[in-house]
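Next up, query-v7.txt (compact mmCIF, C-alpha atoms (C1' of nucleotides)):
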```
# COMPACT_ATOMS: atom_id res chain seq x y z
CA MET A 207 84.28 71.77 86.95
CA ALA A 208 82.25 74.57 85.42
CA ASP A 209 80.52 74.05 82.15
CA GLY A 210 79.43 75.96 79.09
CA ARG A 211 80.88 74.17 76.11
CA PRO A 212 84.62 73.98 76.59
CA ASN A 213 87.22 71.62 75.14
CA ALA A 214 85.46 71.19 71.79
CA GLY A 215 87.66 68.42 70.49
CA ILE A 216 90.39 67.39 72.84
CA SER A 217 92.61 64.45 72.02
CA GLY A 218 91.41 64.13 68.46
CA GLU A 219 88.26 62.31 69.51
CA ASN A 220 85.01 64.12 70.12
CA LEU A 221 84.51 64.03 73.87
CA LEU A 222 81.62 66.45 74.03
CA PHE A 223 79.45 63.69 75.43
CA LEU A 224 81.55 63.78 78.59
CA THR A 225 80.99 67.40 79.57
CA ASP A 226 79.59 68.10 83.02
CA GLU A 227 76.40 69.32 81.39
CA GLN A 228 75.97 66.04 79.52
CA LEU A 229 76.63 64.09 82.70
CA ARG A 230 74.12 66.16 84.60
CA GLN A 231 71.52 65.45 81.97
CA GLY A 232 72.31 61.77 82.30
CA ILE A 233 71.86 61.99 86.06
CA GLU A 234 68.52 63.73 85.73
CA ALA A 235 67.39 61.29 83.06
CA MET A 236 68.11 58.42 85.46
CA PHE A 237 66.15 60.13 88.20
CA PHE A 238 63.05 60.84 86.15
CA ALA A 239 63.14 57.56 84.24
CA TYR A 240 63.37 55.51 87.41
CA ARG A 241 60.19 57.15 88.60
CA GLY A 242 58.46 56.03 85.44
CA PHE A 243 60.04 52.62 85.71
CA THR A 244 58.44 51.94 89.09
CA ALA A 245 55.20 53.88 88.65
CA ASP A 246 53.01 51.17 87.11
CA PRO A 247 53.84 48.29 89.46
CA ASP A 248 53.62 50.72 92.40
CA ARG A 249 50.02 51.45 91.55
CA ILE A 250 49.15 47.75 91.59
CA LEU A 251 51.07 47.19 94.81
CA THR A 252 49.46 49.94 96.88
CA ASP A 253 46.05 48.41 96.21
CA LEU A 254 47.33 45.19 97.74
CA ALA A 255 49.08 46.83 100.72
CA TYR A 256 52.43 45.73 99.36
CA GLY A 257 55.45 47.83 98.48
CA ARG A 258 58.40 47.82 96.17
CA ALA A 259 60.27 45.51 98.50
CA HIS A 260 57.63 42.83 97.94
CA HIS A 261 57.84 43.35 94.21
CA ARG A 262 61.60 42.90 94.19
CA ALA A 263 61.40 39.71 96.24
CA ILE A 264 58.68 38.29 94.00
CA HIS A 265 60.58 39.24 90.88
CA PHE A 266 63.79 37.49 91.84
CA ILE A 267 62.12 34.43 93.33
CA ASN A 268 60.31 34.05 90.02
CA ARG A 269 63.54 34.59 88.17
CA ALA A 270 65.44 31.95 90.14
CA PRO A 271 62.93 29.54 91.69
CA GLY A 272 64.35 27.59 94.60
CA THR A 273 66.82 30.32 95.45
CA THR A 274 67.94 30.44 99.05
CA VAL A 275 67.33 33.31 101.42
CA ASN A 276 71.02 34.08 101.50
CA ASN A 277 71.23 34.26 97.74
CA LEU A 278 68.25 36.58 97.60
CA LEU A 279 69.89 38.73 100.26
CA ASN A 280 72.94 39.20 98.06
CA ILE A 281 70.89 40.06 95.01
CA LEU A 282 68.68 42.56 96.79
CA GLY A 283 71.39 44.12 98.91
CA VAL A 284 69.35 44.48 102.09
CA THR A 285 69.63 43.01 105.56
CA LYS A 286 68.07 39.68 106.45
CA GLN A 287 65.75 41.44 108.89
CA SER A 288 64.42 43.65 106.14
CA LEU A 289 63.98 40.79 103.73
CA ASN A 290 62.51 38.54 106.38
CA ARG A 291 59.77 41.01 107.17
CA VAL A 292 58.77 41.04 103.53
CA LEU A 293 59.07 37.29 103.04
CA ARG A 294 57.02 36.58 106.14
CA THR A 295 54.04 38.52 104.82
CA LEU A 296 54.37 36.92 101.39
CA ILE A 297 54.45 33.44 102.92
CA GLU A 298 51.54 34.22 105.25
CA ASP A 299 49.56 35.49 102.30
CA GLY A 300 50.29 32.33 100.37
CA LEU A 301 52.28 33.93 97.55
CA VAL A 302 55.62 32.38 98.42
CA GLU A 303 56.47 28.89 99.62
CA SER A 304 59.56 28.18 101.72
CA ARG A 305 60.91 24.63 101.55
CA VAL A 306 63.63 23.23 103.77
CA GLY A 307 66.71 22.26 101.77
CA LYS A 308 67.29 18.60 100.98
CA SER A 309 71.05 18.37 101.14
CA ASP A 310 71.47 21.27 103.56
CA LYS A 311 68.49 21.45 105.87
CA ARG A 312 69.48 24.86 107.20
CA GLU A 313 68.66 26.45 103.89
CA ARG A 314 65.20 27.53 102.83
CA HIS A 315 64.41 27.38 99.16
CA LEU A 316 61.88 29.89 97.96
CA PHE A 317 59.20 29.35 95.33
CA LEU A 318 56.21 31.29 94.12
CA THR A 319 52.85 29.64 94.60
CA GLU A 320 50.13 29.75 91.98
CA ASP A 321 48.90 33.03 93.47
CA GLY A 322 52.44 34.34 93.64
CA ARG A 323 52.98 33.67 89.97
CA ALA A 324 49.71 35.37 89.18
CA LEU A 325 50.78 38.54 90.97
CA GLU A 326 54.23 38.35 89.45
CA GLY A 327 52.59 38.24 86.06
CA ARG A 328 50.47 41.29 86.73
CA LEU A 329 53.44 43.28 87.97
CA SER A 330 55.74 42.15 85.19
CA ASP A 331 53.18 42.84 82.53
CA ALA A 332 52.73 46.38 83.78
CA GLN A 333 56.44 47.06 84.00
CA ARG A 334 57.23 45.38 80.72
CA ALA A 335 54.53 47.30 78.91
CA ARG A 336 56.29 50.57 79.63
CA MET A 337 59.70 49.13 78.90
CA ARG A 338 58.42 47.66 75.65
CA ALA A 339 56.98 50.98 74.56
CA ALA A 340 60.23 52.74 75.41
CA PHE A 341 62.31 50.11 73.61
CA ARG A 342 60.10 50.21 70.54
CA ASP A 343 60.15 54.00 70.37
CA ALA A 344 63.90 54.09 70.80
CA GLY A 345 64.83 51.26 68.45
CA PRO A 346 67.31 48.39 68.77
CA ASP A 347 70.50 50.45 68.56
CA ALA A 348 69.37 52.78 71.33
CA VAL A 349 68.39 49.77 73.43
CA ALA A 350 71.84 48.27 73.01
CA GLY A 351 73.39 51.55 74.13
CA PHE A 352 71.00 51.80 77.04
CA ARG A 353 72.07 48.40 78.30
CA THR A 354 75.75 49.07 77.76
CA VAL A 355 75.67 52.26 79.82
CA LEU A 356 73.60 50.71 82.60
CA GLU A 357 75.97 47.78 82.90
CA ALA A 358 78.91 50.13 83.12
CA MET A 359 77.15 52.04 85.88
CA MET A 360 76.74 49.02 88.17
CA ASP A 361 79.12 48.08 90.95
CA THR A 362 81.35 45.31 89.67
CA GLU A 363 79.81 42.84 92.09
CA MET A 364 76.35 43.64 90.79
CA GLN A 365 77.63 43.35 87.22
CA ARG A 366 78.51 39.76 87.97
CA THR A 367 75.14 39.10 89.58
CA TYR A 368 73.38 40.70 86.64
CA THR A 369 75.36 38.71 84.09
CA ARG A 370 74.77 35.47 85.95
CA LEU A 371 71.03 36.09 85.98
CA LYS A 372 71.09 37.13 82.35
CA GLU A 373 72.85 33.98 81.24
CA SER A 374 70.67 31.73 83.36
CA GLY A 375 67.57 33.06 81.64
CA ALA A 376 68.73 33.19 78.05
CA MET B 142 53.86 35.58 78.29
CA ALA B 143 56.38 32.76 78.40
CA ASP B 144 59.72 33.18 76.81
CA GLY B 145 62.45 31.08 75.24
CA ARG B 146 63.21 32.55 71.87
CA PRO B 147 59.98 32.68 69.93
CA ASN B 148 58.89 34.76 66.95
CA ALA B 149 62.33 34.98 65.39
CA GLY B 150 61.49 37.57 62.76
CA ILE B 151 57.92 38.77 62.82
CA SER B 152 56.77 41.53 60.54
CA GLY B 153 59.91 41.56 58.42
CA GLU B 154 61.77 43.69 60.93
CA ASN B 155 63.96 42.11 63.54
CA LEU B 156 62.06 42.56 66.78
CA LEU B 157 64.14 40.23 68.88
CA PHE B 158 65.03 43.17 71.11
CA LEU B 159 61.40 43.27 72.25
CA THR B 160 61.12 39.73 73.61
CA ASP B 161 60.02 39.30 77.21
CA GLU B 162 63.50 38.07 78.03
CA GLN B 163 65.09 41.22 76.62
CA LEU B 164 62.62 43.36 78.53
CA ARG B 165 63.32 41.50 81.74
CA GLN B 166 67.02 42.09 81.27
CA GLY B 167 66.28 45.77 80.78
CA ILE B 168 64.26 45.81 83.99
CA GLU B 169 67.02 44.14 85.96
CA ALA B 170 69.63 46.42 84.42
CA MET B 171 67.62 49.43 85.64
CA PHE B 172 67.39 47.95 89.11
CA PHE B 173 71.08 47.17 89.51
CA ALA B 174 72.27 50.32 87.76
CA TYR B 175 70.14 52.58 89.93
CA ARG B 176 71.83 51.08 92.97
CA GLY B 177 75.20 52.05 91.55
CA PHE B 178 73.88 55.42 90.52
CA THR B 179 73.00 56.37 94.10
CA ALA B 180 75.74 54.49 95.94
CA ASP B 181 78.47 57.13 95.94
CA PRO B 182 76.42 60.14 97.05
CA ASP B 183 74.68 57.93 99.62
CA ARG B 184 78.00 57.22 101.29
CA ILE B 185 78.73 60.93 101.61
CA LEU B 186 75.24 61.66 102.86
CA THR B 187 75.12 59.10 105.66
CA ASP B 188 78.23 60.66 107.19
CA LEU B 189 76.33 63.94 107.33
CA ALA B 190 73.09 62.46 108.66
CA TYR B 191 71.33 63.37 105.44
CA GLY B 192 69.48 61.16 103.02
CA ARG B 193 68.66 60.96 99.36
CA ALA B 194 65.80 63.38 99.80
CA HIS B 195 68.28 66.04 100.87
CA HIS B 196 70.47 65.29 97.88
CA ARG B 197 67.57 65.64 95.48
CA ALA B 198 66.51 68.96 96.97
CA ILE B 199 70.06 70.30 96.85
CA HIS B 200 70.53 69.11 93.30
CA PHE B 201 67.48 70.82 91.89
CA ILE B 202 67.90 74.01 93.89
CA ASN B 203 71.39 74.23 92.46
CA ARG B 204 70.06 73.50 89.01
CA ALA B 205 67.42 76.21 89.16
CA PRO B 206 68.40 78.77 91.79
CA GLY B 207 65.51 80.85 93.02
CA THR B 208 62.99 78.13 92.30
CA THR B 209 59.83 78.20 94.38
CA VAL B 210 58.79 75.51 96.79
CA ASN B 211 55.85 74.64 94.58
CA ASN B 212 58.05 74.23 91.55
CA LEU B 213 60.39 71.98 93.47
CA LEU B 214 57.41 69.96 94.63
CA ASN B 215 56.43 69.27 91.05
CA ILE B 216 59.93 68.26 90.06
CA LEU B 217 60.45 65.95 93.00
CA GLY B 218 56.98 64.47 93.05
CA VAL B 219 56.54 64.36 96.81
CA THR B 220 54.17 66.08 99.22
CA LYS B 221 54.90 69.51 100.59
CA GLN B 222 55.10 68.05 104.09
CA SER B 223 57.83 65.67 103.02
CA LEU B 224 59.76 68.34 101.21
CA ASN B 225 59.25 70.81 104.00
CA ARG B 226 60.83 68.52 106.55
CA VAL B 227 63.90 68.20 104.36
CA LEU B 228 64.08 71.90 103.52
CA ARG B 229 63.74 72.87 107.17
CA THR B 230 66.82 70.90 108.15
CA LEU B 231 68.78 72.25 105.19
CA ILE B 232 67.82 75.81 106.09
CA GLU B 233 68.60 75.26 109.77
CA ASP B 234 71.97 73.84 108.83
CA GLY B 235 72.70 76.84 106.66
CA LEU B 236 72.87 75.02 103.34
CA VAL B 237 69.77 76.54 101.81
CA GLU B 238 68.43 80.06 101.96
CA SER B 239 64.74 80.80 101.60
CA ARG B 240 63.86 84.29 100.39
CA VAL B 241 60.37 85.71 100.35
CA GLY B 242 59.26 86.50 96.82
CA LYS B 243 59.34 90.11 95.62
CA SER B 244 56.31 90.22 93.39
CA ASP B 245 54.44 87.51 95.25
CA LYS B 246 55.37 87.48 98.89
CA ARG B 247 53.67 84.14 99.48
CA GLU B 248 56.29 82.42 97.45
CA ARG B 249 59.64 81.37 98.86
CA HIS B 250 62.58 81.35 96.52
CA LEU B 251 65.26 78.83 97.33
CA PHE B 252 69.00 79.28 96.96
CA LEU B 253 72.05 77.35 98.03
CA THR B 254 74.40 79.10 100.42
CA GLU B 255 78.15 78.89 100.11
CA ASP B 256 78.10 75.73 102.25
CA GLY B 257 75.22 74.36 100.25
CA ARG B 258 77.11 74.79 97.00
CA ALA B 259 80.12 73.10 98.57
CA LEU B 260 78.10 70.03 99.49
CA GLU B 261 76.37 70.05 96.13
CA GLY B 262 79.77 69.98 94.52
CA ARG B 263 80.93 67.03 96.58
CA LEU B 264 77.80 65.04 95.81
CA SER B 265 77.79 65.94 92.13
CA ASP B 266 81.44 65.13 91.73
CA ALA B 267 80.91 61.69 93.22
CA GLN B 268 77.88 60.95 91.10
CA ARG B 269 79.37 62.39 87.93
CA ALA B 270 82.57 60.39 88.36
CA ARG B 271 80.67 57.15 88.05
CA MET B 272 78.50 58.45 85.22
CA ARG B 273 81.57 59.71 83.41
CA ALA B 274 83.32 56.36 83.70
CA ALA B 275 80.22 54.59 82.44
CA PHE B 276 79.81 57.03 79.55
CA ARG B 277 83.45 56.77 78.58
CA ASP B 278 83.41 52.98 78.67
CA ALA B 279 80.24 52.81 76.65
CA GLY B 280 81.05 55.44 74.06
CA PRO B 281 79.01 58.28 72.54
CA ASP B 282 76.61 56.13 70.51
CA ALA B 283 75.67 54.03 73.51
CA VAL B 284 75.20 57.21 75.55
CA ALA B 285 72.83 58.59 72.94
CA GLY B 286 70.83 55.37 73.07
CA PHE B 287 70.84 55.37 76.85
CA ARG B 288 69.31 58.84 76.90
CA THR B 289 66.77 58.04 74.21
CA VAL B 290 65.45 55.01 76.08
CA LEU B 291 65.36 56.79 79.43
CA GLU B 292 63.40 59.68 77.96
CA ALA B 293 60.93 57.27 76.45
CA MET B 294 60.50 55.60 79.83
CA MET B 295 59.46 58.78 81.64
CA ASP B 296 55.88 59.85 82.24
CA THR B 297 55.02 62.48 79.65
CA GLU B 298 54.75 65.14 82.34
CA MET B 299 58.25 64.33 83.56
CA GLN B 300 59.50 64.36 79.98
CA ARG B 301 58.45 67.98 79.77
CA THR B 302 60.08 68.83 83.09
CA TYR B 303 63.25 67.06 82.02
CA THR B 304 63.36 68.82 78.67
CA ARG B 305 62.74 72.19 80.25
CA LEU B 306 65.60 71.66 82.68
CA LYS B 307 67.81 70.38 79.91
CA GLU B 308 67.22 73.39 77.72
CA SER B 309 67.64 75.84 80.58
CA GLY B 310 71.09 74.46 81.29
CA ALA B 311 72.43 74.07 77.78
C1' DC C 247 36.43 96.33 100.63
C1' DT C 248 35.49 91.91 101.26
C1' DT C 249 36.01 87.40 100.25
C1' DG C 250 37.72 83.30 97.84
C1' DG C 251 41.44 80.83 96.71
C1' DA C 252 46.44 80.09 96.14
C1' DA C 253 50.99 79.39 98.25
C1' DT C 254 53.12 78.17 102.11
C1' DG C 255 54.05 76.45 106.71
C1' DT C 256 53.17 73.49 110.63
C1' DC C 257 51.39 69.94 113.78
C1' DA C 258 50.09 65.24 114.46
C1' DA C 259 49.89 60.65 113.30
C1' DC C 260 51.01 56.80 110.68
C1' DA C 261 53.38 53.22 107.48
C1' DA C 262 56.98 51.18 104.65
C1' DG C 263 61.20 49.70 104.64
C1' DG C 264 65.83 50.56 105.47
C1' DC C 265 69.25 49.89 109.57
C1' DT C 266 71.78 47.78 114.07
C1' DG C 267 72.21 44.68 117.84
C1' DA C 268 71.17 40.67 120.36
C1' DC C 269 69.77 36.17 120.71
C1' DA C 270 67.86 31.31 119.38
C1' DT C 271 67.99 27.20 116.75
C1' DA C 272 69.32 23.74 113.80
C1' DA C 273 72.51 21.78 110.86
C1' DA C 274 76.90 21.25 108.99
C1' DC C 275 81.74 21.22 109.26
C1' DT C 276 86.27 20.33 111.56
C1' DA D 90 82.81 18.58 121.12
C1' DG D 91 83.11 22.95 119.49
C1' DT D 92 82.68 26.32 115.76
C1' DT D 93 80.66 28.15 111.92
C1' DT D 94 76.75 28.86 108.86
C1' DA D 95 71.92 29.75 107.55
C1' DT D 96 67.99 31.38 109.09
C1' DG D 97 64.52 33.48 111.97
C1' DT D 98 62.97 36.76 115.34
C1' DC D 99 62.48 40.53 118.76
C1' DA D 100 63.24 45.27 119.82
C1' DG D 101 64.28 49.72 118.59
C1' DC D 102 65.74 53.50 115.61
C1' DC D 103 65.85 56.47 111.27
C1' DT D 104 64.44 58.44 106.83
C1' DT D 105 61.04 59.50 103.96
C1' DG D 106 56.88 58.89 102.19
C1' DT D 107 51.66 59.49 103.25
C1' DT D 108 46.92 61.97 104.99
C1' DG D 109 44.31 65.29 107.46
C1' DA D 110 43.58 69.52 109.81
C1' DC D 111 44.48 74.13 110.43
C1' DA D 112 46.91 78.95 110.31
C1' DT D 113 48.88 82.61 107.76
C1' DT D 114 49.66 85.58 104.11
C1' DC D 115 48.38 87.86 100.26
C1' DC D 116 46.73 88.33 95.34
C1' DA D 117 42.77 89.09 92.70
C1' DA D 118 38.02 89.13 91.44
C1' DG D 119 33.62 90.60 92.54
```

Would you write out, as structure tokens, the structure that this file holds?
Amino acid sequence: MADGRPNAGISGENLLFLTDEQLRQGIEAMFFAYRGFTADPDRILTDLAYGRAHHRAIHFINRAPGTTVNNLLNILGVTKQSLNRVLRTLIEDGLVESRVGKSDKRERHLFLTEDGRALEGRLSDAQRARMRAAFRDAGPDAVAGFRTVLEAMMDTEMQRTYTRLKESGA
Amino acid sequence: MADGRPNAGISGENLLFLTDEQLRQGIEAMFFAYRGFTADPDRILTDLAYGRAHHRAIHFINRAPGTTVNNLLNILGVTKQSLNRVLRTLIEDGLVESRVGKSDKRERHLFLTEDGRALEGRLSDAQRARMRAAFRDAGPDAVAGFRTVLEAMMDTEMQRTYTRLKESGA
DNA sequence: CTTGGAATGTCAACAAGGCTGACATAAACT
DNA sequence: AGTTTATGTCAGCCTTGTTGACATTCCAAG
């Protein structure tokens, strides 16, 4: 539980990367990096009176056009009331279009409009620029490790969602 | 701007890891992983009628006992009013102690009480357990890459803060 | 010694975006 | 016909962020 630098070579393998101190550094790295991760889109969004919730909705509608509300709910992990508030403003503002389902008319399929895609592009460009710089600085091996650790950190349900999205876009 | 799999070997080096699709996967990995990252402490906190803001305050007070309010403000990146609301409840509940500074009596130095350290331990244990599992699954090389990319993703100011904390704890 | 500014606290008001609960509607399923 | 599903909506609550205004305390420079 305490730290320092104990157990300098247990079990033959070098497990120094699993000390509490290393884990704490990982935790703090996540905290500070996530701030950077959201900083650039946040700046664009506040000018438009939108928030991160709008960004997330726009991102995943762009990622999976025609997705249903229920599907989006599962991806985002919020309540329908929360999502609905966000979607309503996006639809009113003409960034998202909601079409009644053909086979199942209860479902609404969500699409970005021209304007919606334009905003999505601005937000993505900003967020990707930082990610690109970080990836380039770190190099391909580091990027592979980055992704491996993040995947292992997800809830298993989210791992599946993430993998499904990943494969649909490749 | 579009994707697919273009430019399959520009500039001699293999830059496939910098395609928009790769970056988008990185973005989504951050999103889903951060959910996992906060999930376990969040469960503990809701039972106690605390939120993530309380966790963050407790974490960094534990990390740097005796820190001033101003210093904490810089680390957390929120307004003093926001932090003050959180600190007040923690002090009222006997988890944090605020001592007037010796040399500069305007400053308040913050410490965790016995109870505060107990809660910090519970929260840290929960968060570290997931991080440890992820690190172990991914292996030391992946962990090194993970940290490299996260550091590169931070604002430069936060990089300095992160490094300072890291070195103070090693 | 006075005054300016820094560090802190506090009050008030507000907004975003989570949440729960209740209820309505339409469509699909059994 | 009755139940379940998908969605929307209203009302209300909480946390946590914001701004603005103002008080207090106290160091430090003039």

message: Taking 6 positions as the minimum chain separation for residues in the same chain, which residues sit within 12 Å of range 109-119 of chain D when counting all atoms listed in the file? Answer as number ranges by chain.
response: B: 222, 241-242, 244-248; C: 247-260

Give me the residues of chain D that have any atom at most 8 Å from an atom of chain A; for each, the nearest atom pair and the distance in Å, rounded to one decimal. Use only C-alpha atoms (C1' of nucleotides), sort by chain and number, and format it as a Markdown table.
```
| residue | atom | partner | partner_atom | distance |
| --- | --- | --- | --- | --- |
| D:DA95 | C1' | A:Arg312 | CA | 5.5 |
| D:DT96 | C1' | A:Arg312 | CA | 7.0 |
| D:DG97 | C1' | A:Asn290 | CA | 7.8 |
```

task: Using only C-alpha atoms, find the one residue out of A:Leu301, A:Ala255, A:Leu329, A:Leu224 that sits nearest to chain B.
output: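 Using only C-alpha atoms, the shortest distance to chain B belongs to A:Leu224.
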
Could you list the residues in chain B lying within 6 Å of chain A, using only C-alpha atoms, and format the result as a tab-separated table (two decimals) with C-alpha atoms, in the coordinates of the input?
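New file iface-v3.tsv:
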```tsv
chain	number	residue	atom	x	y	z
B	174	ALA	CA	72.27	50.32	87.76
B	177	GLY	CA	75.20	52.05	91.55
B	275	ALA	CA	80.22	54.59	82.44
B	279	ALA	CA	80.24	52.81	76.65
B	283	ALA	CA	75.67	54.03	73.51
B	286	GLY	CA	70.83	55.37	73.07
B	287	PHE	CA	70.84	55.37	76.85
B	289	THR	CA	66.77	58.04	74.21
B	290	VAL	CA	65.45	55.01	76.08
B	291	LEU	CA	65.36	56.79	79.43
B	293	ALA	CA	60.93	57.27	76.45
B	294	MET	CA	60.50	55.60	79.83
B	295	MET	CA	59.46	58.78	81.64
B	296	ASP	CA	55.88	59.85	82.24
```

statement: The distance between CA of Leu228 in chain B and CA of Arg258 in chain A is 25.8 Å

query: In Å, how far is it from CA of Thr285 in chain A to CA of Tyr191 in chain B?
result: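 Those two atoms sit 20.4 Å apart.
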
- request: Could you give me, as an MDAnalysis selection string, the residues within 12 Å of DC275 in chain C, counting only C-alpha atoms (C1' of nucleotides) and dropping anything in the same chain fewer than 2 positions from it?
  value: (chainID A and resid 310) or (chainID C and resid 273) or (chainID D and resid 91:94)

Save the residues we just selected, C-alpha atoms (C1' of nucleotides), as a JSON list (two decimals), in the frame of the given file?
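The new file part-v7.json reads:
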```
[["chain", "number", "residue", "atom", "x", "y", "z"],
["A", 310, "ASP", "CA", 71.47, 21.27, 103.56],
["C", 273, "DA", "C1'", 72.51, 21.78, 110.86],
["D", 91, "DG", "C1'", 83.11, 22.95, 119.49],
["D", 92, "DT", "C1'", 82.68, 26.32, 115.76],
["D", 93, "DT", "C1'", 80.66, 28.15, 111.92],
["D", 94, "DT", "C1'", 76.75, 28.86, 108.86]]
```

Sorted by chain and rising residue number, list the residues of chain C at most 9 Å from chain A (counting all atoms listed in the file), each with its closest atom pair and distance in Å to one decimal, as JSON lines.
```
{"residue": "C:DA262", "atom": "C1'", "partner": "A:Gly257", "partner_atom": "CA", "distance": 7.2}
{"residue": "C:DG263", "atom": "C1'", "partner": "A:Ser288", "partner_atom": "CA", "distance": 7.0}
{"residue": "C:DG264", "atom": "C1'", "partner": "A:Ser288", "partner_atom": "CA", "distance": 7.1}
{"residue": "C:DC265", "atom": "C1'", "partner": "A:Thr285", "partner_atom": "CA", "distance": 8.0}
{"residue": "C:DA272", "atom": "C1'", "partner": "A:Arg312", "partner_atom": "CA", "distance": 6.7}
{"residue": "C:DA273", "atom": "C1'", "partner": "A:Arg312", "partner_atom": "CA", "distance": 5.7}
{"residue": "C:DA274", "atom": "C1'", "partner": "A:Asp310", "partner_atom": "CA", "distance": 7.7}
```

query: Any idea what the distance is between CA of Arg305 in chain B and CA of Glu255 in chain B?
result: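 Interatomic distance here is 26.0 Å.
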
query: Which neighbours of Pro206 in chain B fall inside 7 Å, counting all atoms listed in the file, when residues of the same chain fewer than 4 positions from it are skipped, and could you give them as a list in words?
result: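 With the cut-off at 7 Å, the set is Ile202, Leu251 and Phe252 of chain B.
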